[in-house]
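Novice: First, the structure itself, so that you have it in front of you.
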Amino acid sequence: MTATPGGTPTIVLVGHGMVGQRFLEALAERGLTATHRVVVLCEEPRPAYDRVQLTSYFSGRTPEDLSMTDMRFIADHGIELYVGDPAETVDREARKVTARSGLVVDYDILVLATGSYPFVPPVPNKDAEGCFVYRTIEDLLAIEEYARTRTTGAVVGGGLLGLEAAGALKGLGLTSHIVEFAPRLMPVQVDDGGGAALLRTIEDMGLSVHTGVGTQEIVVDESGAVTGMKLSDGSELATDLVVFSAGVRPRDQLARECGLAVGERGGIAVDEQCRTVNDPHVFAIGECALAADGRVYGLVAPGYEQAVTVAATIADDESEQLSFTGADLSTKLKLLGVDVASFGDAHGTAEDCLDVVYSDSRSGLYKKLVIGRDGTLLGGILVGDAEAYGTLRAFTGSVPPVSPESLVLPAGAGESVQLGPSALPDEAIVCSCHNVSKGTIRGAVTEHSCTTVPEVKKCTKAGTGCGSCVKVLGQLVTAELEASGVEVDKGLCGCFAQTREELYEIVLALRINTYQDLLDRYGRDGARGGEGCEVCKPTVGSIIASLAPTIGASGYVLDGEQAALQDSNDHFLANLQKNGSYSVVPRIPGGEITPEGLIVIGQIARDFGLYTKITGGQRIDMFGARVEQLPLIWTRLVDAGFESGHAYGKSLRTVKSCVGQTWCRYGVQDSVRMAIDLELRYRGLRSPHKLKSAVSGCARECAEAQSKDFGIIATSNGWNLYVGGNGGATPRHADLLAQDLSDTELVRLIDRFLMFYIRTADRLERTSTWLDRIPGGLDHVRDVVVEDSLGICEELESLMTDHVAHYADEWATTINDPEKLARFVSFVNAPDTPDPVVGFVPERDQIKPDLPLLSIGHRPLEGSAQR
Amino acid sequence: MTLALETTDLKVQLRLDDQWFTVCDLSRLIPGRGVAALLPDGRQVALFRDRAGELYAVDNRDPFGGAAVLSRGLTGTHEGRTFVASPLLKQRFDLLSGECLDDDTVRITTYEVRTA
Ligand code: SRM
Ligand SMILES: Cc1cc2nc3c(=O)[nH]c(=O)nc-3n(C[C@H](O)[C@H](O)[C@H](O)COP(=O)(O)OP(=O)(O)OC[C@H]3O[C@@H](n4cnc5c(N)ncnc54)[C@H](O)[C@@H]3O)c2cc1C
Ligand code: SF4
Ligand code: FES
């Protein structure tokens, strides 16, 4: 098959990696996709993705999240993208490229962006089962799969990528080793001092580092799988898995084979326009290119610059003549929680330059700035604290407005100065990935009326590469907005200019007990009299519910207007599942339940055909109830003495318990009784986010109290109260608020703590993020709730007393209210007909949602017309 | 199909081809909240009433998740457009045009609705 150009010139891009994608964008930006046929040969099984953020796969980013390719962009610009079809040969004479599938494309311009391949040292058994490299998503998937059943891993190479790989192995739960031939880690970026600080921190994290030794042989068992490695100092390291990360080499094979010149150590030789030195029709960009300055760049920013250079050269526009003559090698990475950054002339190679060094190896800090004779900042290295990286990098090449010493001293140490981005000159490059200056960013705000960081990112591309400049970007945007008189909007949403905390104060002080009243009196101009929105309605609904008895509102969330404010789950007092059915969670205080209780739940689940599961919160969830079944199920549950577990609400979930003193030989207090008391006291309390708690009977902590919003651990003298713990996506260990409390002291302190949180937190802010955000943090909270520094403790306690006194089970109230019950139907005009989209199929002796049914979409209900 | 009891209340009606189909009493619609209705051919419609008394009707199916749940979402206004946010993954749909405010390639069917 031959694809012939029909008159329009053809550009063929070989390699759809990061630089290739940037090249396509640069073509589109210059209108070249309209005047040219563009064909892309992509070797990997997926289009371009963010290789720089590869490691974030292990912190939960999916391959889809990493994708850099918008298929709409490809389609809109008529780009022909062949995924999984690499170029195999190039015939430069005939100007034809042949791909593996047999596709032949004639080109007028050929752009090679083939990237590089990981270098694997030629040690015996380097290809054994259990040996990997770290370059593509496929590599990661393979490592993850293999690591599942293994315990130890080793990385060959202690450079930037090696450390990232080691971090990933550690994240996979392996005992991890790093073997580096050079005498220090990250030999390219940091000097000996920085290497020492880095080593200490990394070893403290439980990684074993072996520097100054080479890998001599991979040891394998009889089946050929890795069991260890022999090192040059004669020792042997046992390991189940080896990741080679000993540098990369340009992929110039295709170019060599068609007779293009390559450098001595590889790389396709190009001139300042990135045109190959032998063939004006062929260009090379990215990691496969040997730039005119004689270097192969292993970073993405120079590659982007090359991509733009080639697009501009093809456009041949007088006004935009670009050339690539070299680039900065700044890097910043955060691996295993250590910040490491180097920028500019980090090793001080310029003549006559001077160093300013701050080093504190006890806390793993090392900062070095390289300064020219005239005071110009030339470069630097930061280990342990790279806060200032964004600003310092942008100052590189100019004389900073304050003394260099003050820039490296730790915050709070006398002389130290925080140099804000406002001090930067307009020419300073803030985003080095996309070469965006401070002036351009300011322009985005002042001329293109961007008001948020995402808008500025879209407008300037700044911050869309490695992400290391986003912090400075945010500061610049805020500063620019404030300077131009725009007040930075901290309001809750488009309807209210106040924060949640301010709205709480208004509601409490003025006893406002309806949402409409609040919106019409205190909403933004355009929002008064309107519908509100899905953000402020539940937020205000929750404030009103928290304060209900005090402000004279109904404490029942389905009453009157309140029903319309609740999130969908609260409106049906159950949790919506993917197919439109609901789950039912009765409260099981402290996780304690009688055999009769268990039997009742079992019978109900059986009678209604529900899927049952023990939750992570020490209770039982029943899934698959149709909306019209909820009242029937709850009538039986309420009869048996159960009440709502509020699994749907932003309110108290569970107070987990361990069995404690009653049975456990270590227990020192009755943790079950305390958990039940607390759960019954705070049940139904609406709050900015859900609240979780646990009580452990001794310091062994079987109830995991330190991962809870308020956690209690028994001591021989009473109770220790911990606050601000969190599981979930960003786990946080709770902080100790007070020790050895009596029962009464404990309850009083929790009352105050919770009410203070409800009063001052933002919407959907767990206690953990709240504690980290509020000025003064834990100390401030302790001052307020223990020392009563604001004199509000009495009020906080009385608000809680009101709540406790007015608690009523919402499900018991609902099943006794015919008007409310009428809402629990699938169809207002056919109350007896169940929603046909809610279907189930069997799985492991129970049911699960019928997913094909959901994807079919609209399906007429058989025979419904006749009924 | 069991229709709601006859009363003297105003009725909510939907336009289906050339005729008006009576759904329920107006009093069944709480301002700011929706209900679902079943059409004779099996389609499902989500009906809403805003605080000014305006009525809206759109297809009940969430095109992203597949479940028929839009009637259970929260309503609001965004730049003057009244919308419902799906209770599944919170995408918002303009109640007048059916356009998804968060993804302009997606649109849901809308229906003409009146009281009589
Ligand atoms: C059912 C359950 C999983 C299970 O089968 O075990 C569950 C299910 C859900 N969890 Fe959970 N979580 C459950 C225990 C947990 C736990 C464990 C615990 O509580 O000890 C955690 C970690 C602890 C924590 O919260 O700090 C947990 C952390 C989350 C998070 C992350 C919270 C965070 O701060 O990062 C969410 C998302 C959120 O709330 O924004 C979440 C959200 C959800 C939602 C509500 C998601 C949703 O909107 O559909 C799930 C709905 C439940 C349903 O339909 O009934 N769930 N979830 C557990 C119910 C416990 C209970 O009895 O109430
Ligand atoms: C884990 C990791 C972390 C990194 N971190 C950073 C960082 O923090 N900062 C930074 O600046 N850089 C970082 N890099 C480097 C950065 O990813 C590269 O500089 C960048 O990806 C180079 O882009 P490229 O398009 O030249 O090459 P690539 O992104 O490698 O793309 C080349 C593509 O060409 C394909 N290809 C090769 N031969 C053919 C053929 N014959 N036909 C068709 N297709 C072919 C390859 O399969 C590949 O998909 C990191 C790299 C890794 C692996
Ligand atoms: S926390 Fe202590 S008392 Fe409770 S079960 Fe564990 S060991 Fe026993
Ligand atoms: S510096 Fe990498 S995204 Fe801006």
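Identifiers for the structure tokens are assigned positionally: chains receive A, B, ... in sequence, residues are indexed from 1 per chain, and ligands are indexed from 1 in the order shown.
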Specify as a PyMOL selection string all residues of chain B found within 8 Å of chain A, counting only C-alpha atoms.
Specialist: chain B and resi 1-4+23-24+28+30-33+35-38+40-43+50-51+61+63+65-69+72-78+82+85+87-88
Novice: Atoms to include: N, CA, C and O atoms. Write the selected residues as a compact mmCIF listing (two decimals), in the first residue's frame.
Specialist:
# COMPACT_ATOMS: atom_id res chain seq x y z
N MET B 1 -50.85 1.66 33.81
CA MET B 1 -50.10 2.63 34.61
C MET B 1 -51.05 3.29 35.62
O MET B 1 -52.11 3.77 35.25
N THR B 2 -50.67 3.35 36.88
CA THR B 2 -51.53 3.99 37.88
C THR B 2 -51.27 5.48 37.88
O THR B 2 -50.19 5.92 38.25
N LEU B 3 -52.20 6.23 37.43
CA LEU B 3 -52.01 7.68 37.42
C LEU B 3 -52.37 8.25 38.78
O LEU B 3 -53.10 7.64 39.55
N ALA B 4 -51.79 9.42 39.04
CA ALA B 4 -52.07 10.06 40.32
C ALA B 4 -53.57 10.38 40.44
O ALA B 4 -54.25 10.56 39.44
N VAL B 23 -48.92 14.50 33.57
CA VAL B 23 -47.99 13.76 34.42
C VAL B 23 -48.46 13.67 35.87
O VAL B 23 -48.62 12.59 36.42
N CYS B 24 -48.67 14.84 36.49
CA CYS B 24 -49.03 14.83 37.92
C CYS B 24 -49.55 16.19 38.32
O CYS B 24 -49.54 17.13 37.53
N ARG B 28 -46.89 18.31 43.34
CA ARG B 28 -45.89 17.26 43.59
C ARG B 28 -44.47 17.74 43.31
O ARG B 28 -43.51 17.07 43.63
N ILE B 30 -41.53 20.03 44.23
CA ILE B 30 -40.98 20.97 45.22
C ILE B 30 -40.04 21.89 44.46
O ILE B 30 -39.19 21.41 43.71
N PRO B 31 -40.15 23.21 44.65
CA PRO B 31 -39.23 24.10 43.94
C PRO B 31 -37.77 23.70 44.23
O PRO B 31 -37.39 23.47 45.38
N GLY B 32 -36.99 23.58 43.16
CA GLY B 32 -35.57 23.24 43.32
C GLY B 32 -35.29 21.76 43.37
O GLY B 32 -34.16 21.35 43.61
N ARG B 33 -36.29 20.94 43.15
CA ARG B 33 -36.08 19.49 43.25
C ARG B 33 -36.86 18.83 42.12
O ARG B 33 -37.85 19.40 41.65
N VAL B 35 -38.74 15.39 39.89
CA VAL B 35 -39.39 14.07 39.98
C VAL B 35 -39.20 13.42 38.62
O VAL B 35 -38.93 14.08 37.62
N ALA B 36 -39.34 12.09 38.56
CA ALA B 36 -39.25 11.39 37.29
C ALA B 36 -40.63 10.96 36.86
O ALA B 36 -41.48 10.66 37.69
N ALA B 37 -40.85 10.95 35.54
CA ALA B 37 -42.13 10.47 35.02
C ALA B 37 -41.85 9.42 33.96
O ALA B 37 -40.83 9.47 33.28
N LEU B 38 -42.77 8.48 33.85
CA LEU B 38 -42.64 7.41 32.87
C LEU B 38 -43.59 7.70 31.71
O LEU B 38 -44.76 7.96 31.93
N PRO B 40 -45.57 6.70 28.06
CA PRO B 40 -46.22 5.47 27.59
C PRO B 40 -45.26 4.56 26.81
O PRO B 40 -45.39 3.34 26.85
N ASP B 41 -44.29 5.14 26.10
CA ASP B 41 -43.41 4.28 25.33
C ASP B 41 -42.19 3.83 26.13
O ASP B 41 -41.26 3.26 25.58
N GLY B 42 -42.16 4.10 27.43
CA GLY B 42 -41.06 3.61 28.26
C GLY B 42 -39.96 4.63 28.50
O GLY B 42 -39.08 4.40 29.31
N ARG B 43 -40.01 5.76 27.78
CA ARG B 43 -38.99 6.77 28.05
C ARG B 43 -39.21 7.36 29.44
O ARG B 43 -40.31 7.30 29.98
N ASP B 50 -38.67 25.66 39.27
CA ASP B 50 -37.76 26.55 40.01
C ASP B 50 -38.57 27.45 40.94
O ASP B 50 -39.80 27.38 40.96
N ARG B 51 -37.87 28.30 41.70
CA ARG B 51 -38.63 29.05 42.71
C ARG B 51 -39.53 30.09 42.08
O ARG B 51 -40.49 30.55 42.70
N ARG B 61 -32.18 10.22 31.86
CA ARG B 61 -30.99 9.38 31.90
C ARG B 61 -29.72 10.23 31.93
O ARG B 61 -29.58 11.18 31.17
N PRO B 63 -26.33 10.72 30.69
CA PRO B 63 -25.64 10.11 29.54
C PRO B 63 -24.23 9.65 29.90
O PRO B 63 -23.65 8.85 29.19
N GLY B 65 -23.23 8.29 33.12
CA GLY B 65 -23.24 7.08 33.95
C GLY B 65 -24.21 6.03 33.45
O GLY B 65 -24.06 4.85 33.75
N GLY B 66 -25.24 6.43 32.70
CA GLY B 66 -26.17 5.46 32.16
C GLY B 66 -27.42 5.27 33.00
O GLY B 66 -28.44 4.81 32.49
N ALA B 67 -27.38 5.63 34.29
CA ALA B 67 -28.56 5.39 35.13
C ALA B 67 -29.58 6.51 34.93
O ALA B 67 -29.25 7.62 34.53
N ALA B 68 -30.83 6.18 35.21
CA ALA B 68 -31.91 7.15 35.02
C ALA B 68 -32.12 7.91 36.31
O ALA B 68 -33.00 7.59 37.11
N VAL B 69 -31.30 8.93 36.56
CA VAL B 69 -31.29 9.56 37.88
C VAL B 69 -31.26 11.09 37.85
O VAL B 69 -31.17 11.71 38.91
N ARG B 72 -33.04 13.27 40.29
CA ARG B 72 -32.65 13.33 41.70
C ARG B 72 -31.48 14.28 41.94
O ARG B 72 -30.91 14.33 43.02
N GLY B 73 -31.09 15.04 40.91
CA GLY B 73 -29.96 15.96 41.07
C GLY B 73 -30.37 17.28 41.68
O GLY B 73 -31.56 17.58 41.81
N LEU B 74 -29.38 18.08 42.03
CA LEU B 74 -29.63 19.42 42.56
C LEU B 74 -29.71 20.40 41.40
O LEU B 74 -28.96 20.30 40.44
N THR B 75 -30.57 21.39 41.52
CA THR B 75 -30.67 22.40 40.47
C THR B 75 -29.96 23.67 40.91
O THR B 75 -29.65 23.85 42.08
N GLY B 76 -29.72 24.54 39.93
CA GLY B 76 -29.09 25.81 40.26
C GLY B 76 -29.07 26.69 39.04
O GLY B 76 -29.58 26.31 37.98
N THR B 77 -28.47 27.91 39.19
CA THR B 77 -28.27 28.74 38.00
C THR B 77 -26.80 29.02 37.84
O THR B 77 -26.08 29.24 38.81
N HIS B 78 -26.36 28.99 36.57
CA HIS B 78 -24.98 29.30 36.25
C HIS B 78 -25.03 30.28 35.09
O HIS B 78 -25.57 29.98 34.03
N THR B 82 -30.49 27.90 33.98
CA THR B 82 -30.92 26.97 35.01
C THR B 82 -30.44 25.58 34.64
O THR B 82 -30.56 25.16 33.49
N ALA B 85 -27.58 19.26 38.24
CA ALA B 85 -26.29 18.58 38.34
C ALA B 85 -26.57 17.11 38.61
O ALA B 85 -27.30 16.77 39.55
N PRO B 87 -26.61 13.54 40.05
CA PRO B 87 -26.17 13.06 41.36
C PRO B 87 -25.04 12.03 41.26
O PRO B 87 -24.42 11.72 42.25
N LEU B 88 -24.76 11.54 40.06
CA LEU B 88 -23.68 10.55 39.94
C LEU B 88 -22.32 11.23 39.95
O LEU B 88 -21.61 11.20 40.94
Novice: Just want the 10 Å neighbourhood of Asp252 (chain A), counted on only C-alpha atoms, with same-chain residues fewer than 3 positions away dropped. Output as a count of residues only.
Specialist: 23
Novice: Using DSSP secondary structure from the backbone, list all strand (DSSP E) positions within region 316-406 of chain A, as number ranges by chain.
Specialist: A: 331-335, 338-344, 354-360, 365-371, 377-383
Novice: Quick one: residues within 9 Å of region 380-386 of chain A, only C-alpha atoms, excluding same-chain residues fewer than 5 positions away - as number ranges by chain?
Specialist: A: 189-191, 194-195, 197-198, 201, 332, 337-348, 355, 363-371, 392-393, 408, 410
Novice: 9 Å from ligand 4 is the threshold here; counting only C-alpha atoms and all ligand atoms, which polymer residues fall inside it? Answer as a short mmCIF file (atom, residue, chain, number, x, y, z; two decimals) with all heavy atoms, in the first residue's frame.
Specialist:
data_model
loop_
_atom_site.label_atom_id
_atom_site.label_comp_id
_atom_site.auth_asym_id
_atom_site.auth_seq_id
_atom_site.Cartn_x
_atom_site.Cartn_y
_atom_site.Cartn_z
N VAL A 300 12.93 17.58 28.87
CA VAL A 300 11.85 17.86 27.95
C VAL A 300 11.85 19.31 27.45
O VAL A 300 11.52 19.57 26.29
CB VAL A 300 10.51 17.43 28.59
CG1 VAL A 300 10.09 18.37 29.68
CG2 VAL A 300 9.45 17.29 27.55
N ALA A 301 12.26 20.25 28.29
CA ALA A 301 12.16 21.67 27.89
C ALA A 301 12.98 21.98 26.64
O ALA A 301 12.47 22.60 25.70
CB ALA A 301 12.57 22.57 29.05
N THR A 331 16.72 21.21 36.99
CA THR A 331 15.78 20.14 37.30
C THR A 331 15.35 20.26 38.73
O THR A 331 16.08 20.71 39.59
CB THR A 331 16.41 18.74 37.19
OG1 THR A 331 17.74 18.82 37.64
CG2 THR A 331 16.31 18.18 35.81
N LYS A 332 14.14 19.83 38.94
CA LYS A 332 13.67 19.76 40.31
C LYS A 332 12.91 18.47 40.41
O LYS A 332 12.16 18.11 39.51
CB LYS A 332 12.74 20.92 40.59
CG LYS A 332 12.13 20.83 41.97
CD LYS A 332 11.15 21.92 42.22
CE LYS A 332 10.46 21.67 43.56
NZ LYS A 332 9.34 22.54 43.78
N GLY A 390 11.62 27.87 42.20
CA GLY A 390 10.93 28.59 41.12
C GLY A 390 11.46 30.02 40.98
O GLY A 390 11.76 30.49 39.88
N ILE A 429 12.42 34.05 33.23
CA ILE A 429 11.67 32.88 32.77
C ILE A 429 11.11 32.17 33.99
O ILE A 429 11.86 31.67 34.83
CB ILE A 429 12.58 31.92 31.98
CG1 ILE A 429 13.14 32.61 30.74
CG2 ILE A 429 11.82 30.65 31.60
CD1 ILE A 429 12.07 33.10 29.79
N VAL A 430 9.81 32.13 34.10
CA VAL A 430 9.18 31.49 35.24
C VAL A 430 8.96 30.01 34.94
O VAL A 430 9.26 29.14 35.74
CB VAL A 430 7.85 32.19 35.57
CG1 VAL A 430 7.08 31.39 36.60
CG2 VAL A 430 8.12 33.59 36.07
N CYS A 431 8.44 29.71 33.75
CA CYS A 431 8.25 28.32 33.37
C CYS A 431 9.31 27.95 32.36
O CYS A 431 9.28 28.42 31.22
CB CYS A 431 6.86 28.13 32.77
SG CYS A 431 6.65 26.46 32.12
N SER A 432 10.25 27.12 32.79
CA SER A 432 11.31 26.83 31.84
C SER A 432 10.91 25.71 30.89
O SER A 432 11.50 25.55 29.84
CB SER A 432 12.63 26.55 32.53
OG SER A 432 12.50 25.47 33.39
N CYS A 433 9.89 24.92 31.24
CA CYS A 433 9.46 23.88 30.30
C CYS A 433 8.94 24.52 29.02
O CYS A 433 9.16 24.02 27.93
CB CYS A 433 8.36 23.02 30.91
SG CYS A 433 8.98 21.88 32.12
N HIS A 434 8.19 25.60 29.17
CA HIS A 434 7.59 26.20 27.97
C HIS A 434 8.15 27.58 27.71
O HIS A 434 7.60 28.33 26.91
CB HIS A 434 6.07 26.24 28.11
CG HIS A 434 5.45 24.88 28.00
ND1 HIS A 434 5.29 24.25 26.82
CD2 HIS A 434 5.02 24.03 28.95
CE1 HIS A 434 4.77 23.06 27.02
NE2 HIS A 434 4.60 22.90 28.32
N ASN A 435 9.24 27.90 28.41
CA ASN A 435 9.91 29.16 28.15
C ASN A 435 8.97 30.36 28.27
O ASN A 435 8.89 31.19 27.37
CB ASN A 435 10.48 29.10 26.72
CG ASN A 435 11.79 29.83 26.67
OD1 ASN A 435 12.16 30.53 27.62
ND2 ASN A 435 12.51 29.69 25.57
N VAL A 436 8.25 30.44 29.37
CA VAL A 436 7.30 31.53 29.55
C VAL A 436 7.85 32.52 30.57
O VAL A 436 8.25 32.13 31.68
CB VAL A 436 5.93 31.01 30.04
CG1 VAL A 436 4.92 32.14 30.08
CG2 VAL A 436 5.44 29.88 29.15
N LYS A 461 0.42 28.22 28.44
CA LYS A 461 1.07 26.91 28.53
C LYS A 461 1.99 26.79 29.75
O LYS A 461 2.47 25.70 30.07
CB LYS A 461 1.90 26.59 27.27
CG LYS A 461 1.07 25.90 26.21
CD LYS A 461 1.96 25.46 25.06
CE LYS A 461 1.18 24.65 24.06
NZ LYS A 461 0.70 23.38 24.59
N ALA A 462 2.26 27.89 30.44
CA ALA A 462 3.11 27.83 31.62
C ALA A 462 2.50 26.85 32.62
O ALA A 462 1.28 26.80 32.78
CB ALA A 462 3.21 29.21 32.27
N GLY A 463 3.36 26.06 33.25
CA GLY A 463 2.86 25.17 34.29
C GLY A 463 2.32 23.86 33.77
O GLY A 463 1.89 23.01 34.55
N THR A 464 2.32 23.65 32.46
CA THR A 464 1.74 22.41 31.94
C THR A 464 2.80 21.36 31.64
O THR A 464 2.51 20.33 31.07
CB THR A 464 0.90 22.67 30.67
OG1 THR A 464 1.75 23.26 29.69
CG2 THR A 464 -0.24 23.62 30.95
N GLY A 465 4.06 21.66 32.01
CA GLY A 465 5.12 20.66 31.80
C GLY A 465 5.36 19.90 33.07
O GLY A 465 4.49 19.19 33.56
N CYS A 466 6.54 20.12 33.68
CA CYS A 466 6.89 19.37 34.88
C CYS A 466 6.09 19.83 36.09
O CYS A 466 6.02 19.14 37.09
CB CYS A 466 8.37 19.52 35.17
SG CYS A 466 8.80 21.20 35.67
N GLY A 467 5.48 21.02 36.01
CA GLY A 467 4.64 21.49 37.10
C GLY A 467 5.40 22.22 38.20
O GLY A 467 4.80 22.73 39.13
N SER A 468 6.74 22.29 38.10
CA SER A 468 7.48 22.85 39.22
C SER A 468 7.29 24.36 39.36
O SER A 468 7.64 24.94 40.37
CB SER A 468 8.97 22.53 39.11
OG SER A 468 9.53 23.21 38.01
N CYS A 469 6.74 25.01 38.36
CA CYS A 469 6.58 26.46 38.45
C CYS A 469 5.18 26.87 38.90
O CYS A 469 4.90 28.05 39.04
CB CYS A 469 6.88 27.09 37.10
SG CYS A 469 5.74 26.53 35.82
N VAL A 470 4.30 25.90 39.12
CA VAL A 470 2.90 26.25 39.38
C VAL A 470 2.73 27.11 40.63
O VAL A 470 1.89 27.99 40.69
CB VAL A 470 2.02 24.97 39.45
CG1 VAL A 470 0.60 25.31 39.83
CG2 VAL A 470 2.04 24.26 38.12
N LEU A 473 3.59 30.53 39.80
CA LEU A 473 2.52 30.98 38.91
C LEU A 473 1.33 31.49 39.73
O LEU A 473 0.79 32.57 39.48
CB LEU A 473 2.10 29.79 38.06
CG LEU A 473 1.42 30.04 36.74
CD1 LEU A 473 2.35 30.84 35.85
CD2 LEU A 473 1.11 28.70 36.07
#
Novice: At what distance in Å, to one decimal, does atom 20 (O, counted along the ligand's line) of ligand 1 lie from CA of Asp607 (chain A)?
Specialist: 28.6 Å
Novice: Please report the interatomic distance between CA of Val445 (chain A) and CA of Glu79 (chain B) in Å with one decimal.
Specialist: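 These two atoms are separated by 21.5 Å.
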Novice: From the set A:Arg700, A:Arg150, A:Arg37, A:Arg500, which residue has the shortest atom-to-atom contact distance to ligand 3, counting only C-alpha atoms and all ligand atoms?
Specialist: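 So, comparing all the options, the nearest one is A:Arg700.
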Novice: So that I can see what lies close to region 765-776 of chain A, please list as an MDAnalysis selection string the residues with an atom at most 10 Å from it, counting only C-alpha atoms and leaving out residues fewer than 5 positions away in the same chain.
Specialist: chainID A and resid 687:692 707:710 723:727 730:735 753:754 757:758 760 781:783
Novice: Kindly indicate which residue among B:Ala57, B:Thr22, B:Phe64, B:Leu70 lies nearest to Asp103 (chain B), using only C-alpha atoms for the distances.
Specialist: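 Ranked by minimum distance to Asp103 (chain B), first place goes to B:Phe64.
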Novice: Dump the neighbourhood of ligand 3 as a ChimeraX atom specification: all residues within 12 Å, distances computed on only C-alpha atoms and all ligand atoms.
Specialist: /A:656-672,675,694-706,712-716
Novice: Would you list the residues that come within 7 Å of ligand 2? Count only C-alpha atoms and all ligand atoms and give the answer as a PyMOL selection string.
Specialist: chain A and resi 14-20+41-44+48+51-55+85-88+113-116+134-136+161+164+251+254+285-288+298-301+303+331-333+466
Novice: Quick one: distance from CA of Ile544 (chain A) to atom 44 (C, counted along the ligand's line) of ligand 1 in Å, one decimal?
Specialist: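 Interatomic distance, CA of Ile544 (chain A) to atom 44 (C, counted along the ligand's line) of ligand 1: 23.2 Å.
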Novice: So, counting only C-alpha atoms and all ligand atoms, which residue among B:Arg114, B:Arg49, B:Leu89, B:Leu101 is closest to ligand 1?
Specialist: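 Smallest separation from ligand 1 among the options: B:Leu89.
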Novice: My list of candidates is B:Leu29, B:Trp20, B:Asp9, B:Lys90. Which is closest to ligand 1 when distances are computed with only C-alpha atoms and all ligand atoms?
Specialist: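 Nearest to ligand 1: B:Lys90.
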Novice: So which bits of region 616-736 of chain A end up alpha helix (DSSP H) when you DSSP the backbone, as a list in words?
Specialist: Leu630, Pro631, Leu632, Ile633, Trp634, Thr635, Arg636, Leu637, Val638, Asp639, Ser671, Val672, Arg673, Met674, Ala675, Ile676, Asp677, Leu678, Glu679, Leu680, Arg681 and Tyr682 of chain A
